[in-house]
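Worksheet for the structure shown next.
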Amino acid sequence: MNAFMVNGIERPLDLLNQSKGKEVIVYLKGDRQFVGTLLAFDMHINVALDNAKEMQNGEVKKNFGLTFLRGDTIIFISPASTSSGK
Amino acid sequence: MNAFMVNGIERPLDLLNQSKGKEVIVYLKGDRQFVGTLLAFDMHINVALDNAKEMQNGEVKKNFGLTFLRGDTIIFISPASTSSGK
Amino acid sequence: MNAFMVNGIERPLDLLNQSKGKEVIVYLKGDRQFVGTLLAFDMHINVALDNAKEMQNGEVKKNFGLTFLRGDTIIFISPASTSSGK
Amino acid sequence: MNAFMVNGIERPLDLLNQSKGKEVIVYLKGDRQFVGTLLAFDMHINVALDNAKEMQNGEVKKNFGLTFLRGDTIIFISPASTSSGK
Amino acid sequence: MNAFMVNGIERPLDLLNQSKGKEVIVYLKGDRQFVGTLLAFDMHINVALDNAKEMQNGEVKKNFGLTFLRGDTIIFISPASTSSGK
Amino acid sequence: MNAFMVNGIERPLDLLNQSKGKEVIVYLKGDRQFVGTLLAFDMHINVALDNAKEMQNGEVKKNFGLTFLRGDTIIFISPASTSSGK
Amino acid sequence: MNAFMVNGIERPLDLLNQSKGKEVIVYLKGDRQFVGTLLAFDMHINVALDNAKEMQNGEVKKNFGLTFLRGDTIIFISPASTSSGK
């Protein structure tokens, strides 16, 4: 039994599906970072976040509340709970 | 009952649909920001705004009135009412 | 009766359709601006303008007359009559 | 009878079609400009020019003769006869 | 019997398929590097990693745990075991 | 009888088709130039050259022999025989 | 009998097909260069290399072994045996 069986992630979108309703970190092109609750995503990786906060240097730069992020500008998405800093 | 059920947002475009007729903030590539009333959007995230104002450093830079924004240049869209500044 | 009903704009392209035969402002990537009469557009947002003038700092830089603009380079389009400066 | 009826341009590509066999100015991304006789174009806005000259600051930089331009790099195309300088 | 028969790699995605459950190095545009266990990928080269670490100058910059990487931003992917430094 | 009838070029790809087996100049994004014999092209404007030489300031920088150029990076292609310098 | 008949290259991908199992040079956007044995490619020009070495100024910068290169980032590919330096 290997790692990806343990995680139940057979396709990359499964990871996003498991992250629905949880806090995620989203990195955008141009060094923009958002933290928020993942409400929804689609196959273009368009994303809807609740309680979206734009972050800069680990600080909240601005609260946006509900936010629609275009998939085209997204570099990566990670559920915050699995991140452990350095 | 989890967060995205509360919001009625199952797909990212649902967020835009709920924002029709409301004031939204739109960030474009190249650090351009618009505020305006969301009239319409399509699956390419092309957007039509009314009373569109280009913003710079929190000030109105120019009033454009009706404005068509090409989806390709959009980074994110947020209904203004859910934004609470920092 | 809400704003987008008043305007008769249900899809973003409706805004462009209403602007046919009128003067529009077109912003392109790379800080280029055109003003001209909107003759035609297609679903790629390719645009044909008549009396097209390239603008720079509010001045006419060059008169191009009939001009075909590729949709891919367009950021936004606004009918000039709805713009009111700052 | 409005402007776009006069011109017979209902779709943006009609403008290019009318320009076949005529001298056109083509602006490319990265500030490249070509002048040449428009021989052909396709729906990707790929373009074939005859007597193509690369221009720089209003001077001929290089004569290329027959030239194939990829549509993806084109910003706008204007028939030279409708341009009147500033 | 030639090299690609030995490797059992007939299509590029076969290489990624063989790397599932193994540690891979992923280089992104904008000089970002990740190391992590490859859980899944799709035809857009979207990738799901476990134990994802962002690397900088050979050091761990940040632990992200589970991470979804958008294919569009990926330059190359290499199984770590086949890399031997310089 | 107009120019494009003389040339037998009705579609842009006809120009490339006529150039098969001839020396062509290929300009790529990022100011790269190649000269070589056009062996083949496809609808993505992917190109195969023989005796490909990368040029810089009119000098041969490197001989590559057979070379596959991805269409996405190509700006324009011109048969060398029709170019006459300035 | 012309050049492209001699080479048996009728489509650009024929060149890549002939290069399978051979050492190729791959140039990527952002001035990255790889040398390696071409194992496989697909229509997106995604490429799998064996014994992939990242090169810089003619020196090996890093050995990656098996490497998957995303087609989108590739500028050109040339079989090393046909390259003869300057």
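Chains: A, B, ... in order of the structure tokens. Residues: from 1 per chain. Ligands: from 1, in order shown.
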
Would you kindly report the residues of chain C within 6 Å of chain D, using only C-alpha atoms, as a ChimeraX atom specification?
/C:21,39-41,47-48,62-70

Discussion item. For the strand (DSSP E or B) assignment from backbone DSSP, which residues of chain B qualify? Please present them as a PyMOL selection string.
Written reply: chain B and resi 23-28+32-41+47-56+59-69+74-79+85

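One finds atom CA of Val35 of chain B at 19.1 Å from atom CA of Leu28 of chain C.
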
Which neighbours of Glu54 of chain E fall inside 6 Å, counting only C-alpha atoms, when residues of the same chain fewer than 4 positions from it are skipped, and could you give them as a PyMOL selection string? chain E and resi 33-34+60-62

In Å and to one decimal, atom CA of Met43 of chain C is distant from atom CA of Asp50 of chain B by 20.9 Å
